[in-house]
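These notes are about the structure you will find just below.
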Number of protein chains: 2
Amino acid sequence: MLTAQRKKLILSRLARDGQVIAGDLAVEWEVSEDTIRRDLRELAAAGRLQRVHGGALAASPADGELRVRAAVSVREKVALGRRGAAMIQPGQVVILDGGTTAIQVARHLAPELKATLVTHSPNVAVELAAHPRIEIIMLGGRLFRHSMVNVGAALIDAASKLRADLYFMGVTGVHPKAGLSTGDAEEAAVKRALQERSAETIVLASSEKLLAASAFVVGSLSEIAAVVVPASTPPRIIASIRASGVKVERTA
Amino acid sequence: MLTAQRKKLILSRLARDGQVIAGDLAVEWEVSEDTIRRDLRELAAAGRLQRVHGGALAASPADGELRVRAAVSVREKVALGRRGAAMIQPGQVVILDGGTTAIQVARHLAPELKATLVTHSPNVAVELAAHPRIEIIMLGGRLFRHSMVNVGAALIDAASKLRADLYFMGVTGVHPKAGLSTGDAEEAAVKRALQERSAETIVLASSEKLLAASAFVVGSLSEIAAVVVPASTPPRIIASIRASGVKVERTA
DNA sequence: CCTATTCGTGCAATTTCGTGCAACCTCGTG
DNA sequence: CACGAGGTTGCACGAAATTGCACGAATAGG
């Protein structure tokens, strides 16, 4: 049996059973345990599985990935959240997109602020519930697990019945030429719908999103009110975004 | 069984049931209690759980008041959740009400179950998201903090567009004369609307709700398919509820 | 206060791990 | 075809991890 073939089999077995045991594979495939161990080591080094004593476990993608995403640029996102929260005036109706940055906005709302917050993310809703004076409106729909936001026709229908003052849009790419983009077509459609329902749209972009582009375009930079970027963003990047006709602000 | 696998299972069991008992795990997994105790010690040292005499408790990050309410009749609610989850057939469309019992239903869904779960509670939605095969539909509306469920006209409008096979209704009072009741008028209206959209309605009632009545009536007992009550419920109480024309089932 | 569990620790047996090494195979090159 | 480089495999051996058992201490519940 070829090495590459064995590795593929190991991964598919992991996908099916969630675990493999080195000794068992050695017996089943009639190779020495050393060989299996070597395979496991190399796959673990490549991040394809989690090595444990006795065998390996699946590198749980769902749980792991979301947690990793939440850990990316935490300090930046906190600052972006604080800045975003400060933009909200009392009495306004504000749409909060999903995503870890939106959760930071929810956490930094002034305790005495009275406003109506609209969201299509159950996570954000739970976070907002900690603020007693905030009225929370949830937009329903089909829950898209990867981003933990509701999407679909039902959501766009619900959104069509409201008018907001402000929309904090989350994107995965902010690029002068490619515009605002995200990784899922449904999400892009939802973001467009929410943008249409709001007087102003603000994008809070942590550094890894700047000058990046994802598969599905939401719209061009010139259509939104402002992009907020981390304080540490190089002036050259700010200039290039600003050149496409959008206001760029930096966090404190 | 691998050590790492065992530790993962312990944590997931804690997340589901809130507690584990060292002796039981040893019997179930056919290892010595020493091994389980070692696992518990190490997990406790890592801060992943709280070690207690006889087993361990979940290291709850203290979600405040809701967590306290969740602590009421935990064992009963776990059993009710397990029983409710077992009623769901593959492919069905099921509405899950808000509340701590509903969360237990979500936690006990069979991992391989394919079904569509509808909920108007962001907490339940987040819990359901752990099941990759479940399609999740959220009903939006105004978030009612006390119960952490969406209510209002928008919700009833969204609900009017679906037909479900099963509805797990949560109430605060089950009384032969007063019927099913809850503490908020809006919630009562929502429950009525959801009941109308479902072929069958099941009420999962922990013991403190039996023979109790709250301010707002949802409907009479005879309109629903069944009430599920804890195993420890006195026969006298079961008889009095059954007398009002509803099937009463006890948890195992 | 008493009894039955449960706990922690030390210890020995077993399994698994990592590394170095030699044998072998494959492939490209002269 | 000869030959050397690079990769793969199995084996040996010391290190580390895991497990079950024994025994005295601590704890819970009556």
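In the structure tokens, the first chain shown is A, the next is B, and so on; residue numbers restart at 1 for each chain, and ligands run from 1 in the order shown.
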Residues within 12 Å of DC13 of chain D, only C-alpha atoms (C1' of nucleotides), excluding chain neighbours under 2 positions, as a short mmCIF file (atom, residue, chain, number, x, y, z; two decimals) with N, CA and C atoms (P, O5', C5', C4', C3', O3' and C1' of nucleotides), in the first residue's frame:
data_model
loop_
_atom_site.label_atom_id
_atom_site.label_comp_id
_atom_site.auth_asym_id
_atom_site.auth_seq_id
_atom_site.Cartn_x
_atom_site.Cartn_y
_atom_site.Cartn_z
P DC C 17 1.35 5.72 20.07
"O5'" DC C 17 2.74 6.38 20.48
"C5'" DC C 17 2.81 7.17 21.65
"C4'" DC C 17 4.16 7.85 21.77
"C3'" DC C 17 4.74 8.34 20.44
"O3'" DC C 17 5.09 9.71 20.54
"C1'" DC C 17 6.30 6.95 21.59
P DG C 18 5.46 10.52 19.24
"O5'" DG C 18 7.04 10.52 19.22
"C5'" DG C 18 7.73 11.08 20.33
"C4'" DG C 18 9.21 10.80 20.20
"C3'" DG C 18 9.82 11.16 18.85
"O3'" DG C 18 10.95 11.97 19.08
"C1'" DG C 18 10.36 8.92 19.42
P DT C 19 11.75 12.60 17.84
"O5'" DT C 19 13.05 11.69 17.75
"C5'" DT C 19 13.68 11.26 18.95
"C4'" DT C 19 14.81 10.32 18.64
"C3'" DT C 19 15.50 10.57 17.29
"O3'" DT C 19 16.90 10.56 17.48
"C1'" DT C 19 14.82 8.32 17.43
P DG C 20 17.86 11.11 16.31
"O5'" DG C 20 18.85 9.88 16.08
"C5'" DG C 20 19.26 9.09 17.19
"C4'" DG C 20 19.69 7.72 16.71
"C3'" DG C 20 20.48 7.72 15.38
"O3'" DG C 20 21.62 6.89 15.51
"C1'" DG C 20 18.61 6.28 15.22
P DC C 21 22.66 6.78 14.28
"O5'" DC C 21 22.23 5.42 13.58
"C5'" DC C 21 21.90 4.29 14.38
"C4'" DC C 21 21.52 3.12 13.50
"C3'" DC C 21 22.17 3.15 12.11
"O3'" DC C 21 22.68 1.87 11.78
"C1'" DC C 21 19.84 2.91 11.90
P DC D 11 9.92 -6.04 11.63
"O5'" DC D 11 11.18 -5.60 12.50
"C5'" DC D 11 12.49 -5.72 11.95
"C4'" DC D 11 13.51 -5.12 12.89
"C3'" DC D 11 13.22 -5.36 14.38
"O3'" DC D 11 14.36 -5.88 15.01
"C1'" DC D 11 13.63 -3.06 13.95
P DA D 15 16.49 6.19 29.15
"O5'" DA D 15 15.15 6.86 28.60
"C5'" DA D 15 15.23 7.81 27.52
"C4'" DA D 15 13.87 8.44 27.29
"C3'" DA D 15 13.16 8.91 28.56
"O3'" DA D 15 12.50 10.14 28.30
"C1'" DA D 15 11.82 7.28 27.47
#
Quick one: chain A onto chain B, least squares on all Cα paired in order, result as a PDB file with C-alpha atoms, in the first residue's frame?
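Okay, this is what ended up in superposed_16.pdb:
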ATOM      1  CA  MET A   1      -4.968  24.699  54.134  1.00  0.00           C
ATOM      2  CA  LEU A   2      -8.459  23.485  54.836  1.00  0.00           C
ATOM      3  CA  THR A   3      -9.973  20.610  52.905  1.00  0.00           C
ATOM      4  CA  ALA A   4     -13.030  22.528  51.799  1.00  0.00           C
ATOM      5  CA  GLN A   5     -10.880  25.405  50.637  1.00  0.00           C
ATOM      6  CA  ARG A   6      -8.730  23.048  48.640  1.00  0.00           C
ATOM      7  CA  LYS A   7     -11.748  21.562  46.945  1.00  0.00           C
ATOM      8  CA  LYS A   8     -13.033  24.974  45.990  1.00  0.00           C
ATOM      9  CA  LEU A   9      -9.674  25.841  44.545  1.00  0.00           C
ATOM     10  CA  ILE A  10      -9.602  22.625  42.573  1.00  0.00           C
ATOM     11  CA  LEU A  11     -12.980  23.410  41.045  1.00  0.00           C
ATOM     12  CA  SER A  12     -12.043  26.964  40.184  1.00  0.00           C
ATOM     13  CA  ARG A  13      -8.822  25.756  38.643  1.00  0.00           C
ATOM     14  CA  LEU A  14     -10.828  23.288  36.589  1.00  0.00           C
ATOM     15  CA  ALA A  15     -13.179  26.027  35.469  1.00  0.00           C
ATOM     16  CA  ARG A  16     -10.190  28.072  34.351  1.00  0.00           C
ATOM     17  CA  ASP A  17      -7.903  25.457  32.809  1.00  0.00           C
ATOM     18  CA  GLY A  18     -10.237  22.548  32.101  1.00  0.00           C
ATOM     19  CA  GLN A  19      -7.837  20.169  33.813  1.00  0.00           C
ATOM     20  CA  VAL A  20      -5.757  19.674  36.918  1.00  0.00           C
ATOM     21  CA  ILE A  21      -2.822  17.359  37.561  1.00  0.00           C
ATOM     22  CA  ALA A  22      -2.672  15.690  40.947  1.00  0.00           C
ATOM     23  CA  GLY A  23       1.086  15.809  41.287  1.00  0.00           C
ATOM     24  CA  ASP A  24       1.343  19.492  40.446  1.00  0.00           C
ATOM     25  CA  LEU A  25      -1.279  20.489  42.980  1.00  0.00           C
ATOM     26  CA  ALA A  26       0.455  18.450  45.657  1.00  0.00           C
ATOM     27  CA  VAL A  27       3.713  20.303  45.055  1.00  0.00           C
ATOM     28  CA  GLU A  28       2.071  23.701  44.788  1.00  0.00           C
ATOM     29  CA  TRP A  29       0.042  23.356  47.955  1.00  0.00           C
ATOM     30  CA  GLU A  30       2.660  21.369  49.845  1.00  0.00           C
ATOM     31  CA  VAL A  31       0.463  18.430  50.707  1.00  0.00           C
ATOM     32  CA  SER A  32       0.898  14.794  49.780  1.00  0.00           C
ATOM     33  CA  GLU A  33      -0.505  13.493  46.539  1.00  0.00           C
ATOM     34  CA  ASP A  34      -2.670  11.171  48.588  1.00  0.00           C
ATOM     35  CA  THR A  35      -4.528  14.132  49.941  1.00  0.00           C
ATOM     36  CA  ILE A  36      -5.096  15.579  46.504  1.00  0.00           C
ATOM     37  CA  ARG A  37      -6.200  12.212  45.213  1.00  0.00           C
ATOM     38  CA  ARG A  38      -8.668  11.928  48.055  1.00  0.00           C
ATOM     39  CA  ASP A  39     -10.095  15.335  47.206  1.00  0.00           C
ATOM     40  CA  LEU A  40     -10.392  14.416  43.562  1.00  0.00           C
ATOM     41  CA  ARG A  41     -12.069  11.125  44.387  1.00  0.00           C
ATOM     42  CA  GLU A  42     -14.653  12.803  46.564  1.00  0.00           C
ATOM     43  CA  LEU A  43     -15.366  15.553  44.061  1.00  0.00           C
ATOM     44  CA  ALA A  44     -15.721  12.953  41.338  1.00  0.00           C
ATOM     45  CA  ALA A  45     -18.143  10.972  43.496  1.00  0.00           C
ATOM     46  CA  ALA A  46     -20.179  14.154  43.828  1.00  0.00           C
ATOM     47  CA  GLY A  47     -20.139  14.564  40.073  1.00  0.00           C
ATOM     48  CA  ARG A  48     -18.266  17.850  40.230  1.00  0.00           C
ATOM     49  CA  LEU A  49     -15.421  16.691  38.014  1.00  0.00           C
ATOM     50  CA  GLN A  50     -14.266  13.848  35.870  1.00  0.00           C
ATOM     51  CA  ARG A  51     -11.497  11.759  37.354  1.00  0.00           C
ATOM     52  CA  VAL A  52      -8.798  10.578  34.982  1.00  0.00           C
ATOM     53  CA  HIS A  53      -5.441   8.936  35.419  1.00  0.00           C
ATOM     54  CA  GLY A  54      -3.010  11.619  36.544  1.00  0.00           C
ATOM     55  CA  GLY A  55      -5.518  14.235  37.579  1.00  0.00           C
ATOM     56  CA  ALA A  56      -9.015  15.346  36.625  1.00  0.00           C
ATOM     57  CA  LEU A  57     -10.926  17.077  33.864  1.00  0.00           C
ATOM     58  CA  ALA A  58     -13.802  19.510  34.130  1.00  0.00           C
ATOM     59  CA  ALA A  59     -17.161  17.763  34.087  1.00  0.00           C
ATOM     60  CA  SER A  60     -18.097  19.576  30.879  1.00  0.00           C
ATOM     61  CA  PRO A  61     -21.501  21.010  31.690  1.00  0.00           C
ATOM     62  CA  ALA A  62     -22.661  22.174  28.254  1.00  0.00           C
ATOM     63  CA  ASP A  63     -21.904  19.072  26.285  1.00  0.00           C
ATOM     64  CA  GLY A  64     -22.673  16.670  29.074  1.00  0.00           C
ATOM     65  CA  GLU A  65     -25.835  18.276  30.257  1.00  0.00           C
ATOM     66  CA  LEU A  66     -27.502  18.461  26.876  1.00  0.00           C
ATOM     67  CA  ARG A  67     -26.624  14.869  26.189  1.00  0.00           C
ATOM     68  CA  VAL A  68     -27.989  13.813  29.545  1.00  0.00           C
ATOM     69  CA  ARG A  69     -31.171  15.752  28.912  1.00  0.00           C
ATOM     70  CA  ALA A  70     -31.586  14.000  25.579  1.00  0.00           C
ATOM     71  CA  ALA A  71     -31.214  10.635  27.275  1.00  0.00           C
ATOM     72  CA  VAL A  72     -33.964  11.238  29.822  1.00  0.00           C
ATOM     73  CA  SER A  73     -37.138   9.244  29.140  1.00  0.00           C
ATOM     74  CA  VAL A  74     -36.237   8.474  25.559  1.00  0.00           C
ATOM     75  CA  ARG A  75     -38.915   5.832  25.129  1.00  0.00           C
ATOM     76  CA  GLU A  76     -41.592   8.121  26.474  1.00  0.00           C
ATOM     77  CA  LYS A  77     -40.492  10.948  24.226  1.00  0.00           C
ATOM     78  CA  VAL A  78     -40.546   8.723  21.180  1.00  0.00           C
ATOM     79  CA  ALA A  79     -44.121   7.760  21.962  1.00  0.00           C
ATOM     80  CA  LEU A  80     -45.072  11.388  22.590  1.00  0.00           C
ATOM     81  CA  GLY A  81     -43.439  12.379  19.320  1.00  0.00           C
ATOM     82  CA  ARG A  82     -45.350   9.727  17.399  1.00  0.00           C
ATOM     83  CA  ARG A  83     -48.625  10.800  18.980  1.00  0.00           C
ATOM     84  CA  GLY A  84     -47.950  14.467  18.271  1.00  0.00           C
ATOM     85  CA  ALA A  85     -46.983  13.837  14.661  1.00  0.00           C
ATOM     86  CA  ALA A  86     -50.219  11.922  14.137  1.00  0.00           C
ATOM     87  CA  MET A  87     -52.246  14.963  15.151  1.00  0.00           C
ATOM     88  CA  ILE A  88     -51.046  17.008  12.200  1.00  0.00           C
ATOM     89  CA  GLN A  89     -53.486  17.210   9.289  1.00  0.00           C
ATOM     90  CA  PRO A  90     -52.316  17.719   5.688  1.00  0.00           C
ATOM     91  CA  GLY A  91     -51.959  21.362   4.771  1.00  0.00           C
ATOM     92  CA  GLN A  92     -51.845  22.657   8.302  1.00  0.00           C
ATOM     93  CA  VAL A  93     -49.424  25.243   9.606  1.00  0.00           C
ATOM     94  CA  VAL A  94     -47.820  23.865  12.755  1.00  0.00           C
ATOM     95  CA  ILE A  95     -45.399  25.453  15.193  1.00  0.00           C
ATOM     96  CA  LEU A  96     -42.836  23.121  16.740  1.00  0.00           C
ATOM     97  CA  ASP A  97     -41.158  24.338  19.900  1.00  0.00           C
ATOM     98  CA  GLY A  98     -37.563  23.449  20.714  1.00  0.00           C
ATOM     99  CA  GLY A  99     -36.555  20.533  22.900  1.00  0.00           C
ATOM    100  CA  THR A 100     -35.926  16.845  22.552  1.00  0.00           C
ATOM    101  CA  THR A 101     -39.621  15.978  22.393  1.00  0.00           C
ATOM    102  CA  ALA A 102     -40.098  18.325  19.438  1.00  0.00           C
ATOM    103  CA  ILE A 103     -37.283  16.530  17.629  1.00  0.00           C
ATOM    104  CA  GLN A 104     -39.181  13.292  18.123  1.00  0.00           C
ATOM    105  CA  VAL A 105     -42.262  14.862  16.553  1.00  0.00           C
ATOM    106  CA  ALA A 106     -40.149  15.867  13.557  1.00  0.00           C
ATOM    107  CA  ARG A 107     -38.786  12.346  13.236  1.00  0.00           C
ATOM    108  CA  HIS A 108     -42.227  10.764  13.238  1.00  0.00           C
ATOM    109  CA  LEU A 109     -43.918  12.918  10.629  1.00  0.00           C
ATOM    110  CA  ALA A 110     -45.566  10.755   7.995  1.00  0.00           C
ATOM    111  CA  PRO A 111     -43.296  10.706   4.928  1.00  0.00           C
ATOM    112  CA  GLU A 112     -46.128  11.702   2.602  1.00  0.00           C
ATOM    113  CA  LEU A 113     -47.448  14.508   4.810  1.00  0.00           C
ATOM    114  CA  LYS A 114     -47.566  17.926   3.183  1.00  0.00           C
ATOM    115  CA  ALA A 115     -47.650  20.686   5.756  1.00  0.00           C
ATOM    116  CA  THR A 116     -45.874  23.828   6.872  1.00  0.00           C
ATOM    117  CA  LEU A 117     -43.764  23.462   9.990  1.00  0.00           C
ATOM    118  CA  VAL A 118     -42.582  26.527  11.864  1.00  0.00           C
ATOM    119  CA  THR A 119     -39.773  26.322  14.387  1.00  0.00           C
ATOM    120  CA  HIS A 120     -37.365  28.544  16.269  1.00  0.00           C
ATOM    121  CA  SER A 121     -34.871  25.785  16.954  1.00  0.00           C
ATOM    122  CA  PRO A 122     -32.020  25.140  14.518  1.00  0.00           C
ATOM    123  CA  ASN A 123     -31.832  21.542  15.711  1.00  0.00           C
ATOM    124  CA  VAL A 124     -35.466  20.944  14.911  1.00  0.00           C
ATOM    125  CA  ALA A 125     -35.045  22.655  11.537  1.00  0.00           C
ATOM    126  CA  VAL A 126     -32.181  20.353  10.638  1.00  0.00           C
ATOM    127  CA  GLU A 127     -34.270  17.365  11.643  1.00  0.00           C
ATOM    128  CA  LEU A 128     -37.273  18.550   9.625  1.00  0.00           C
ATOM    129  CA  ALA A 129     -35.111  18.990   6.549  1.00  0.00           C
ATOM    130  CA  ALA A 130     -35.115  15.217   6.163  1.00  0.00           C
ATOM    131  CA  HIS A 131     -38.787  15.418   5.066  1.00  0.00           C
ATOM    132  CA  PRO A 132     -38.877  16.577   1.447  1.00  0.00           C
ATOM    133  CA  ARG A 133     -42.567  17.489   1.388  1.00  0.00           C
ATOM    134  CA  ILE A 134     -42.560  19.681   4.472  1.00  0.00           C
ATOM    135  CA  GLU A 135     -42.222  23.425   4.037  1.00  0.00           C
ATOM    136  CA  ILE A 136     -40.040  24.737   6.840  1.00  0.00           C
ATOM    137  CA  ILE A 137     -40.224  28.249   8.242  1.00  0.00           C
ATOM    138  CA  MET A 138     -37.591  29.319  10.723  1.00  0.00           C
ATOM    139  CA  LEU A 139     -38.152  32.098  13.185  1.00  0.00           C
ATOM    140  CA  GLY A 140     -34.942  33.990  13.814  1.00  0.00           C
ATOM    141  CA  GLY A 141     -33.638  35.743  16.878  1.00  0.00           C
ATOM    142  CA  ARG A 142     -30.880  35.511  19.435  1.00  0.00           C
ATOM    143  CA  LEU A 143     -29.874  31.897  19.988  1.00  0.00           C
ATOM    144  CA  PHE A 144     -30.350  30.823  23.601  1.00  0.00           C
ATOM    145  CA  ARG A 145     -27.761  28.087  23.979  1.00  0.00           C
ATOM    146  CA  HIS A 146     -29.151  26.258  26.969  1.00  0.00           C
ATOM    147  CA  SER A 147     -32.297  25.245  25.090  1.00  0.00           C
ATOM    148  CA  MET A 148     -30.961  25.772  21.575  1.00  0.00           C
ATOM    149  CA  VAL A 149     -33.869  27.965  20.525  1.00  0.00           C
ATOM    150  CA  ASN A 150     -34.053  31.490  19.207  1.00  0.00           C
ATOM    151  CA  VAL A 151     -35.570  34.062  21.546  1.00  0.00           C
ATOM    152  CA  GLY A 152     -35.857  37.801  21.890  1.00  0.00           C
ATOM    153  CA  ALA A 153     -37.674  40.708  20.358  1.00  0.00           C
ATOM    154  CA  ALA A 154     -36.750  39.784  16.808  1.00  0.00           C
ATOM    155  CA  LEU A 155     -38.338  36.389  17.261  1.00  0.00           C
ATOM    156  CA  ILE A 156     -41.561  37.734  18.715  1.00  0.00           C
ATOM    157  CA  ASP A 157     -41.701  40.230  15.881  1.00  0.00           C
ATOM    158  CA  ALA A 158     -41.297  37.461  13.307  1.00  0.00           C
ATOM    159  CA  ALA A 159     -43.907  35.328  15.061  1.00  0.00           C
ATOM    160  CA  SER A 160     -46.427  38.154  14.986  1.00  0.00           C
ATOM    161  CA  LYS A 161     -46.605  37.783  11.231  1.00  0.00           C
ATOM    162  CA  LEU A 162     -47.977  34.279  11.163  1.00  0.00           C
ATOM    163  CA  ARG A 163     -51.081  32.345  12.103  1.00  0.00           C
ATOM    164  CA  ALA A 164     -50.797  28.661  12.855  1.00  0.00           C
ATOM    165  CA  ASP A 165     -53.307  25.874  13.319  1.00  0.00           C
ATOM    166  CA  LEU A 166     -51.380  24.007  15.949  1.00  0.00           C
ATOM    167  CA  TYR A 167     -48.569  24.704  18.405  1.00  0.00           C
ATOM    168  CA  PHE A 168     -46.629  21.950  20.125  1.00  0.00           C
ATOM    169  CA  MET A 169     -45.378  23.676  23.214  1.00  0.00           C
ATOM    170  CA  GLY A 170     -42.524  22.268  25.260  1.00  0.00           C
ATOM    171  CA  VAL A 171     -42.438  23.031  28.963  1.00  0.00           C
ATOM    172  CA  THR A 172     -40.497  21.773  31.953  1.00  0.00           C
ATOM    173  CA  GLY A 173     -43.407  21.851  34.368  1.00  0.00           C
ATOM    174  CA  VAL A 174     -47.096  20.889  34.163  1.00  0.00           C
ATOM    175  CA  HIS A 175     -48.878  21.534  37.434  1.00  0.00           C
ATOM    176  CA  PRO A 176     -52.616  21.884  38.199  1.00  0.00           C
ATOM    177  CA  LYS A 177     -52.079  24.975  40.321  1.00  0.00           C
ATOM    178  CA  ALA A 178     -48.859  26.476  38.945  1.00  0.00           C
ATOM    179  CA  GLY A 179     -49.857  25.843  35.345  1.00  0.00           C
ATOM    180  CA  LEU A 180     -47.298  25.518  32.548  1.00  0.00           C
ATOM    181  CA  SER A 181     -43.809  26.696  33.389  1.00  0.00           C
ATOM    182  CA  THR A 182     -40.266  26.770  32.061  1.00  0.00           C
ATOM    183  CA  GLY A 183     -36.853  27.663  33.387  1.00  0.00           C
ATOM    184  CA  ASP A 184     -36.148  30.876  31.492  1.00  0.00           C
ATOM    185  CA  ALA A 185     -38.047  34.147  31.384  1.00  0.00           C
ATOM    186  CA  GLU A 186     -37.290  34.842  27.715  1.00  0.00           C
ATOM    187  CA  GLU A 187     -38.429  31.392  26.726  1.00  0.00           C
ATOM    188  CA  ALA A 188     -41.643  31.803  28.657  1.00  0.00           C
ATOM    189  CA  ALA A 189     -42.348  35.039  26.796  1.00  0.00           C
ATOM    190  CA  VAL A 190     -41.668  33.336  23.472  1.00  0.00           C
ATOM    191  CA  LYS A 191     -43.980  30.468  24.320  1.00  0.00           C
ATOM    192  CA  ARG A 192     -46.767  32.883  25.213  1.00  0.00           C
ATOM    193  CA  ALA A 193     -46.286  34.732  21.930  1.00  0.00           C
ATOM    194  CA  LEU A 194     -46.380  31.523  19.909  1.00  0.00           C
ATOM    195  CA  GLN A 195     -49.445  30.319  21.762  1.00  0.00           C
ATOM    196  CA  GLU A 196     -51.276  33.520  20.853  1.00  0.00           C
ATOM    197  CA  ARG A 197     -50.533  32.968  17.196  1.00  0.00           C
ATOM    198  CA  SER A 198     -52.013  29.454  17.166  1.00  0.00           C
ATOM    199  CA  ALA A 199     -55.568  28.213  17.063  1.00  0.00           C
ATOM    200  CA  GLU A 200     -54.702  25.272  19.317  1.00  0.00           C
ATOM    201  CA  THR A 201     -51.845  24.548  21.682  1.00  0.00           C
ATOM    202  CA  ILE A 202     -50.777  21.019  22.599  1.00  0.00           C
ATOM    203  CA  VAL A 203     -48.297  20.199  25.359  1.00  0.00           C
ATOM    204  CA  LEU A 204     -46.344  16.958  25.088  1.00  0.00           C
ATOM    205  CA  ALA A 205     -45.188  16.170  28.613  1.00  0.00           C
ATOM    206  CA  SER A 206     -42.889  13.319  29.567  1.00  0.00           C
ATOM    207  CA  SER A 207     -43.377  11.921  33.037  1.00  0.00           C
ATOM    208  CA  GLU A 208     -40.713  13.920  34.877  1.00  0.00           C
ATOM    209  CA  LYS A 209     -42.573  17.111  33.983  1.00  0.00           C
ATOM    210  CA  LEU A 210     -45.922  16.158  35.441  1.00  0.00           C
ATOM    211  CA  LEU A 211     -46.828  17.825  38.721  1.00  0.00           C
ATOM    212  CA  ALA A 212     -43.582  19.803  38.466  1.00  0.00           C
ATOM    213  CA  ALA A 213     -43.193  23.573  38.369  1.00  0.00           C
ATOM    214  CA  SER A 214     -40.338  25.742  37.109  1.00  0.00           C
ATOM    215  CA  ALA A 215     -39.495  29.349  37.813  1.00  0.00           C
ATOM    216  CA  PHE A 216     -41.344  31.108  34.982  1.00  0.00           C
ATOM    217  CA  VAL A 217     -45.010  30.599  34.245  1.00  0.00           C
ATOM    218  CA  VAL A 218     -46.176  30.452  30.637  1.00  0.00           C
ATOM    219  CA  GLY A 219     -49.894  30.216  31.308  1.00  0.00           C
ATOM    220  CA  SER A 220     -52.617  28.191  32.927  1.00  0.00           C
ATOM    221  CA  LEU A 221     -53.608  24.703  31.854  1.00  0.00           C
ATOM    222  CA  SER A 222     -57.120  25.747  30.923  1.00  0.00           C
ATOM    223  CA  GLU A 223     -55.839  27.883  28.060  1.00  0.00           C
ATOM    224  CA  ILE A 224     -54.506  24.996  26.017  1.00  0.00           C
ATOM    225  CA  ALA A 225     -56.257  22.349  23.962  1.00  0.00           C
ATOM    226  CA  ALA A 226     -54.673  19.246  25.444  1.00  0.00           C
ATOM    227  CA  VAL A 227     -51.815  17.719  27.364  1.00  0.00           C
ATOM    228  CA  VAL A 228     -50.423  14.433  26.052  1.00  0.00           C
ATOM    229  CA  VAL A 229     -48.854  12.232  28.727  1.00  0.00           C
ATOM    230  CA  PRO A 230     -47.060   8.863  28.613  1.00  0.00           C
ATOM    231  CA  ALA A 231     -49.158   5.707  28.729  1.00  0.00           C
ATOM    232  CA  SER A 232     -47.618   4.750  32.034  1.00  0.00           C
ATOM    233  CA  THR A 233     -48.863   7.861  33.848  1.00  0.00           C
ATOM    234  CA  PRO A 234     -50.788   6.941  37.039  1.00  0.00           C
ATOM    235  CA  PRO A 235     -54.565   7.659  36.765  1.00  0.00           C
ATOM    236  CA  ARG A 236     -54.360   9.753  39.912  1.00  0.00           C
ATOM    237  CA  ILE A 237     -51.983  12.205  38.259  1.00  0.00           C
ATOM    238  CA  ILE A 238     -54.080  12.327  35.103  1.00  0.00           C
ATOM    239  CA  ALA A 239     -57.159  13.083  37.179  1.00  0.00           C
ATOM    240  CA  SER A 240     -55.448  15.894  39.036  1.00  0.00           C
ATOM    241  CA  ILE A 241     -54.370  17.551  35.789  1.00  0.00           C
ATOM    242  CA  ARG A 242     -57.719  16.998  34.161  1.00  0.00           C
ATOM    243  CA  ALA A 243     -59.372  18.650  37.174  1.00  0.00           C
ATOM    244  CA  SER A 244     -57.779  21.946  36.228  1.00  0.00           C
ATOM    245  CA  GLY A 245     -59.840  22.032  33.063  1.00  0.00           C
ATOM    246  CA  VAL A 246     -57.666  20.621  30.297  1.00  0.00           C
ATOM    247  CA  LYS A 247     -58.066  17.579  28.079  1.00  0.00           C
ATOM    248  CA  VAL A 248     -55.493  14.897  28.900  1.00  0.00           C
ATOM    249  CA  GLU A 249     -54.561  12.189  26.394  1.00  0.00           C
ATOM    250  CA  ARG A 250     -52.329   9.190  26.862  1.00  0.00           C
ATOM    251  CA  THR A 251     -49.914   7.777  24.309  1.00  0.00           C
ATOM    252  CA  ALA A 252     -50.603   4.303  22.998  1.00  0.00           C
TER     253      ALA A 252
END
Taking only C-alpha atoms (C1' of nucleotides) into account, produce a table as JSON lines in which each residue of chain D with an atom at most 10 Å from an atom of chain B appears once, together with its shortest atom pair and the distance in Å to one decimal, ordered by chain and rising number.
{"residue": "D:DT18", "atom": "C1'", "partner": "B:Thr3", "partner_atom": "CA", "distance": 8.2}
{"residue": "D:DT19", "atom": "C1'", "partner": "B:Thr35", "partner_atom": "CA", "distance": 6.9}
{"residue": "D:DG20", "atom": "C1'", "partner": "B:Ser32", "partner_atom": "CA", "distance": 6.8}
{"residue": "D:DC21", "atom": "C1'", "partner": "B:Asp34", "partner_atom": "CA", "distance": 9.5}
{"residue": "D:DT27", "atom": "C1'", "partner": "B:His53", "partner_atom": "CA", "distance": 7.7}
{"residue": "D:DA28", "atom": "C1'", "partner": "B:His53", "partner_atom": "CA", "distance": 8.7}
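Computed from the coordinates, the atom C1' of DT16 of chain C to atom C1' of DA22 of chain D distance equals 25.3 Å.
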>> Taking the DSSP secondary structure from the backbone, can you list the residues of segment 48-120 of chain A that are alpha helix (DSSP H), as number ranges by chain?
In response: A: 61-71, 74-86, 100-107
> From the set C:DA22, C:DC27, C:DC2, C:DC7, which residue has the shortest atom-to-atom contact distance to chain B, counting only C-alpha atoms (C1' of nucleotides)?
Replying inline: C:DC7
>> At a cut-off of 12 Å, using only C-alpha atoms (C1' of nucleotides), what residues contact segment 23-26 of chain C? Leave out same-chain residues fewer than 3 positions from it and give the result as a ChimeraX atom specification.
In response: /D:5-11
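In this structure, atom C1' of DG30 of chain D sits 13.4 Å away from atom C1' of DT5 of chain C.
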